[in-house]
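**Student:** This is the structure, below, for whatever I ask next.
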Amino acid sequence: MIRFEHVTKRYADGTTAVDDLSFEVAEGELVTLVGPSGCGKTTTMKMVNRLIEPTEGGIFLDGDDISTIDPVQLRRRIGYVIQQVGLFPHKTVLENTATVPHLLGWKRGKGRERAAELLDLVGLDPSVYGDRYPEQLSGGQRQRVGVARALAADPPVLLMDEPFGAVDPVVRERLQNEFLKLQAQVRKTVLFVTHDIEEAVRLGDRIAVYGQGRIEQFDSPATVLGAPATPYVAEFVGADRGLKRLSVTPIEESDLDQPPVVHLDDPLATATERLRSQGARWAVVLDDRNNLHGWLPADATAGPATGGAPATTQGTVREHARRMEAWLPLGAPLKQAFATMLQHDAGWIAVIDKESEGRFLGVLTPARLHEALRRSIDADAQDVPRAEVAVETVATITRAG
């Protein structure tokens with residue numbers, strides 16, 4: 001969709017902002033451009049909509065050389081979101097959002113209908129916010145309007161220049177989450193400029209890490225974090241890149257352990273005896289469709305804490321199952337798994353099939369989480385699926401000995 005061929009931007013004073021840049025962005029792909037201030041990432045983005053003209057080389061949009069397209073017409077085909085949003089203060093939210101459709105000659109009713117649809121898509125009820133003015137909105141709400149306005153004419157390409165940089169960290173994380181959900185629906189081709197490697201890793205399908213005017217590495221977030229191409233990239237992504245990689249490494253079925261399982265209608269005596277015979281301290285409790293329900297401790301026969309109530313083995317698992325708080329769907333990032341363990345002070349989390357109503361797949365322990373991270377790094381290095389990578393652990397060393 002977007003292709004750079006040996007693009008250079010050199011200013012009259014001799015400064016080279018971008019030097020011999022060549023890369024491609026596929027249709028529907030979100031590429032983050034990340035690097036320190038003054039490295040050329042914003043210049044790169046602004047050359048796509050001809051706010052800055054390249055000195056040498058060519059830029060192509062869907063196969064067309066953009067130098068042959070009228071700049072005004074080109075910009076109306078490209079959504080553009082900046083840090084300070086740039087909303088018109090004298091226009092309502094609905095009017096701001098309908099700006100580009102209006103410039104393209106859409107009928108007023110069609111433009112407002114499209115604007116209302118986009119406001120709803122970014123989480124702003126048009127019946128509540130449509131008639132408000134920008135000054136009546138929070139910073140995060142104004143950013144949402146900026147995204148809606150950029151999408152209003154349904155452009156194939158979206159340029160975003162540090163769009164969430166002017167809001168506080170909590171709002172920023174929410175906006176990132178909402179944008180990822182939105183991108184999953186609309187699948188625009190996106191160039192996203194940021195100086196924050198955490199944001200780049202979290203949002204990008206691929207990351208372009210800039211040095212001074214050049215791309216030092218252009219790869220998936222996992223590869224950039226796990227196998228930095230140069231010492232510069234390794235330094236830029238940080239010594240804690242292993243921790244950062246947790247956020248882009250999903251839970252896979254091969255990462256899971258299979259603990260003892262009991263069902264709601266199993267007799268309690270049978271269930272607890274099974275646990276004791278296996279030396280297990282707990283079991284996962286499932287319903288009759290094998291959906292996750294809760295968990296059962298091996299000492300469930302002691303009964304609830306009722307001030308010295310006598311032990312009992314009467315009844316079924318249902319009366320003694322405990323609520324399951326620590327669980328995640330398959331595919332959730334390892335970082336979220338680690339955070340969930342800490343939040344609930346849990347030694348493991350249950351993992352369910354996200355495509356079903358809650359079908360239980362297995363559990364992830366801290367040891368298996370660590371193995372998953374190590375396998376992910378080795379899999380990228382060997383260019384093989386993660387499940388095919390064997391890692392040496394304390395358990396395997398013990399068995400070998």
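Chain labels run A, B, ... following the order of the structure tokens; each chain numbers its residues from 1, and ligands are numbered from 1 in the order shown.
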Show me, as a PyMOL selection string, the residues that have an atom within 12 Å of Thr15 (chain A) when counting only C-alpha atoms, minus same-chain residues fewer than 6 positions from it.
**Tutor:** chain A and resi 8-9+38-40+55+212-213
**Student:** Output the selection as a short mmCIF file (atom, residue, chain, number, x, y, z; two decimals), in the first residue's frame - C-alpha atoms for each residue.
**Tutor:**
```
data_model
loop_
_atom_site.label_atom_id
_atom_site.label_comp_id
_atom_site.auth_asym_id
_atom_site.auth_seq_id
_atom_site.Cartn_x
_atom_site.Cartn_y
_atom_site.Cartn_z
CA THR A 8 16.17 11.19 0.94
CA LYS A 9 15.20 14.53 2.47
CA GLY A 38 15.08 14.52 15.42
CA CYS A 39 15.70 11.08 13.93
CA GLY A 40 13.47 11.61 10.86
CA THR A 55 14.73 15.61 -2.20
CA GLN A 212 19.74 9.23 12.61
CA GLY A 213 17.75 9.47 9.40
#
```
**Student:** In terms of the shortest atom-to-atom distance over only C-alpha atoms, which of A:Ala390, A:Ser138, A:Ala153, A:Leu124 is closest to Val100 (chain A)?
**Tutor:**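 Checking each candidate against Val100 (chain A), we get A:Ala153 as the closest.
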**Student:** If I take CA of Pro333 (chain A) and CA of Ser247 (chain A), how far is one from the other in Å, to one decimal?
**Tutor:**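 A separation of 5.3 Å between them.
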**Student:** Skip Lys181 (chain A) itself and residues of its chain fewer than 5 positions away, then list as a PDB file with C-alpha atoms, in the first residue's frame all residues within 10 Å of it, counting only C-alpha atoms.
**Tutor:**
```pdb
ATOM      1  CA  LEU A 121     -17.304   3.700  16.812  1.00  0.00           C
ATOM      2  CA  VAL A 122     -14.696   5.557  18.910  1.00  0.00           C
ATOM      3  CA  LEU A 175      -6.829   5.222  24.044  1.00  0.00           C
ATOM      4  CA  GLN A 176      -4.299   2.623  22.907  1.00  0.00           C
ATOM      5  CA  VAL A 186     -11.485  -1.104  10.137  1.00  0.00           C
ATOM      6  CA  ARG A 187      -8.030  -2.524   9.171  1.00  0.00           C
TER       7      ARG A 187
END
```
**Student:** Could you name the residues that touch Ala239 (chain A) at 12 Å or less, counting only C-alpha atoms, but leaving out those on the same chain fewer than 6 positions away, as a PyMOL selection string?
**Tutor:** chain A and resi 225-226+228+231-233+245
**Student:** Residues of the last selection are to be written out with N, CA, C and O atoms, as a short mmCIF file (atom, residue, chain, number, x, y, z; two decimals), in the first residue's frame.
**Tutor:**
```
data_model
loop_
_atom_site.label_atom_id
_atom_site.label_comp_id
_atom_site.auth_asym_id
_atom_site.auth_seq_id
_atom_site.Cartn_x
_atom_site.Cartn_y
_atom_site.Cartn_z
N LEU A 225 12.58 -6.96 19.93
CA LEU A 225 12.90 -7.12 21.35
C LEU A 225 13.79 -8.34 21.62
O LEU A 225 14.65 -8.30 22.49
N GLY A 226 13.54 -9.41 20.88
CA GLY A 226 14.28 -10.64 21.15
C GLY A 226 15.60 -10.74 20.44
O GLY A 226 16.52 -11.41 20.92
N PRO A 228 17.68 -7.85 18.68
CA PRO A 228 18.02 -6.53 18.13
C PRO A 228 19.10 -6.67 17.05
O PRO A 228 20.07 -7.40 17.23
N PRO A 231 23.78 -2.96 17.94
CA PRO A 231 23.94 -2.47 19.32
C PRO A 231 23.08 -1.24 19.60
O PRO A 231 22.59 -1.07 20.72
N TYR A 232 22.90 -0.39 18.57
CA TYR A 232 22.06 0.79 18.76
C TYR A 232 20.63 0.39 19.11
O TYR A 232 20.02 0.94 20.03
N VAL A 233 20.07 -0.58 18.37
CA VAL A 233 18.70 -1.03 18.63
C VAL A 233 18.61 -1.64 20.02
O VAL A 233 17.65 -1.38 20.76
N ARG A 245 9.09 -7.78 26.04
CA ARG A 245 8.63 -8.83 25.12
C ARG A 245 7.43 -9.58 25.67
O ARG A 245 6.66 -10.18 24.93
#
```
**Student:** Write out as an NGL selection string which residues come within 10 Å of region 144-151 of chain A when counting only C-alpha atoms, dropping same-chain ones fewer than 3 positions away.
**Tutor:** :A and (76-87 or 93-101 or 114-124 or 129-130 or 134 or 137-141 or 154-160 or 163-164 or 175 or 178-179 or 182 or 186 or 188)
**Student:** For CA of Ile207 (chain A) and CA of Val25 (chain A), determine how far apart the two atoms are, in Å to one decimal place.
**Tutor:**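 Atom-to-atom, CA of Ile207 (chain A) and CA of Val25 (chain A) are spaced 10.6 Å apart.
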**Student:** As an mmCIF file with C-alpha atoms, in the first residue's frame, please: all residues of region 104-174 of chain A that backbone DSSP puts in alpha helix (DSSP H).
**Tutor:**
```cif
data_model
loop_
_atom_site.group_PDB
_atom_site.id
_atom_site.type_symbol
_atom_site.label_atom_id
_atom_site.label_comp_id
_atom_site.auth_asym_id
_atom_site.auth_seq_id
_atom_site.Cartn_x
_atom_site.Cartn_y
_atom_site.Cartn_z
ATOM 1 C CA ARG A 108 -24.750 17.410 4.403
ATOM 2 C CA GLY A 109 -27.041 14.647 5.669
ATOM 3 C CA LYS A 110 -24.719 11.858 4.476
ATOM 4 C CA GLY A 111 -21.692 13.566 6.011
ATOM 5 C CA ARG A 112 -23.359 14.026 9.397
ATOM 6 C CA GLU A 113 -24.609 10.442 9.335
ATOM 7 C CA ARG A 114 -21.085 9.186 8.679
ATOM 8 C CA ALA A 115 -19.720 11.463 11.418
ATOM 9 C CA ALA A 116 -22.250 10.120 13.936
ATOM 10 C CA GLU A 117 -21.341 6.556 12.969
ATOM 11 C CA LEU A 118 -17.627 7.215 13.531
ATOM 12 C CA LEU A 119 -18.179 8.988 16.858
ATOM 13 C CA ASP A 120 -20.106 5.970 18.065
ATOM 14 C CA LEU A 121 -17.304 3.700 16.812
ATOM 15 C CA PRO A 126 -23.221 11.338 19.108
ATOM 16 C CA SER A 127 -26.476 12.176 20.892
ATOM 17 C CA VAL A 128 -24.433 13.186 23.955
ATOM 18 C CA TYR A 129 -21.248 14.641 22.422
ATOM 19 C CA GLY A 139 -8.052 15.605 26.313
ATOM 20 C CA GLY A 140 -8.803 11.930 25.721
ATOM 21 C CA GLN A 141 -12.196 12.727 24.204
ATOM 22 C CA ARG A 142 -10.642 15.264 21.835
ATOM 23 C CA GLN A 143 -8.165 12.626 20.689
ATOM 24 C CA ARG A 144 -11.062 10.274 19.951
ATOM 25 C CA VAL A 145 -12.732 12.970 17.877
ATOM 26 C CA GLY A 146 -9.455 13.448 16.007
ATOM 27 C CA VAL A 147 -9.356 9.745 15.137
ATOM 28 C CA ALA A 148 -13.030 9.782 14.096
ATOM 29 C CA ARG A 149 -12.449 12.823 11.867
ATOM 30 C CA ALA A 150 -9.471 11.137 10.200
ATOM 31 C CA LEU A 151 -11.599 8.078 9.422
ATOM 32 C CA PRO A 169 -0.622 7.648 31.198
ATOM 33 C CA VAL A 170 -3.970 6.188 32.309
ATOM 34 C CA VAL A 171 -5.921 7.871 29.511
ATOM 35 C CA ARG A 172 -3.153 7.008 27.076
ATOM 36 C CA GLU A 173 -3.444 3.296 27.828
ATOM 37 C CA ARG A 174 -7.210 3.463 27.375
#
```
**Student:** How would you write, as a list in words, the set of residues in region 50-198 of chain A that DSSP gives as strand (DSSP E or B)?
**Tutor:**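 The strand (DSSP E or B) subset of region 50-198 of chain A is Glu56, Gly57, Gly58, Ile59, Phe60, Leu61, Asp64, Asp65, Ile78, Gly79, Tyr80, Val81, Ile82, Val157, Leu158, Leu159, Met160, Asp161, Thr189, Val190, Leu191, Phe192, Val193 and Thr194 of chain A.
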**Student:** Which residues, written as a list in words, have at least one atom at most 12 Å from Ala367 (chain A), with only C-alpha atoms counted and residues fewer than 2 positions away on the same chain left out?
**Tutor:**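 Everything that qualifies: Asp255, Leu256, Asp257, Phe338, Gly347, Trp348, Ile349, Val363, Leu364, Thr365, Leu369, His370, Glu371, Ala372, Leu373, Arg374, Val391, Glu392, Thr393, Val394 and Ala395 of chain A.
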**Student:** Calculate how many Å separate CA of Ser277 (chain A) from CA of Pro260 (chain A), rounding to one decimal.
**Tutor:**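 Separating CA of Ser277 (chain A) from CA of Pro260 (chain A) is a distance of 11.0 Å.
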**Student:** Which is closer to Ile215 (chain A) than all the others in A:Asp13, A:Asp20, A:Asp383, A:Glu319, using only C-alpha atoms?
**Tutor:**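 Using only C-alpha atoms, Ile215 (chain A) sits closest to A:Asp20.
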**Student:** Residues within 12 Å of Arg10 (chain A), please, as a short mmCIF file (atom, residue, chain, number, x, y, z; two decimals) with N, CA and C atoms, in the first residue's frame. Count only C-alpha atoms; anything in the same chain fewer than 6 positions from it doesn't count.
**Tutor:**
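Okay, this is what ended up in part.cif:
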```cif
data_model
loop_
_atom_site.label_atom_id
_atom_site.label_comp_id
_atom_site.auth_asym_id
_atom_site.auth_seq_id
_atom_site.Cartn_x
_atom_site.Cartn_y
_atom_site.Cartn_z
N THR A 16 20.58 16.41 6.60
CA THR A 16 19.87 15.28 6.00
C THR A 16 18.95 14.68 7.05
N ALA A 17 17.65 14.89 6.86
CA ALA A 17 16.67 14.40 7.83
C ALA A 17 16.37 12.92 7.61
N VAL A 18 16.32 12.51 6.34
CA VAL A 18 16.06 11.11 5.99
C VAL A 18 17.05 10.74 4.90
N ASP A 19 17.70 9.60 5.06
CA ASP A 19 18.79 9.24 4.16
C ASP A 19 18.55 7.88 3.51
N ASP A 20 18.23 7.91 2.21
CA ASP A 20 18.12 6.69 1.39
C ASP A 20 17.21 5.65 2.04
N GLY A 40 14.04 11.67 12.21
CA GLY A 40 13.47 11.61 10.86
C GLY A 40 12.15 10.90 10.74
N THR A 43 9.34 13.36 9.71
CA THR A 43 9.62 13.77 8.33
C THR A 43 9.18 12.68 7.37
N ILE A 52 5.78 17.55 3.41
CA ILE A 52 7.20 17.74 3.13
C ILE A 52 7.50 16.99 1.84
N GLU A 53 8.25 17.63 0.95
CA GLU A 53 8.59 16.99 -0.32
C GLU A 53 9.98 16.35 -0.23
N PRO A 54 10.13 15.13 -0.71
CA PRO A 54 11.46 14.50 -0.68
C PRO A 54 12.43 15.17 -1.64
N THR A 55 13.70 15.08 -1.32
CA THR A 55 14.73 15.61 -2.20
C THR A 55 15.05 14.62 -3.31
N GLU A 56 15.08 13.34 -2.95
CA GLU A 56 15.36 12.28 -3.91
C GLU A 56 14.47 11.09 -3.61
N GLY A 57 14.33 10.21 -4.61
CA GLY A 57 13.58 8.98 -4.43
C GLY A 57 12.11 9.14 -4.70
N GLY A 213 18.16 9.40 10.79
CA GLY A 213 17.75 9.47 9.40
C GLY A 213 17.66 8.15 8.69
#
```
**Student:** Considering only C-alpha atoms, state which residue in the set A:Pro297, A:Gly204, A:Gly315, A:Pro221 is at the smallest distance from Glu29 (chain A).
**Tutor:**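 Of A:Pro297, A:Gly204, A:Gly315, A:Pro221, the one nearest Glu29 (chain A) is A:Gly204, counting only C-alpha atoms.
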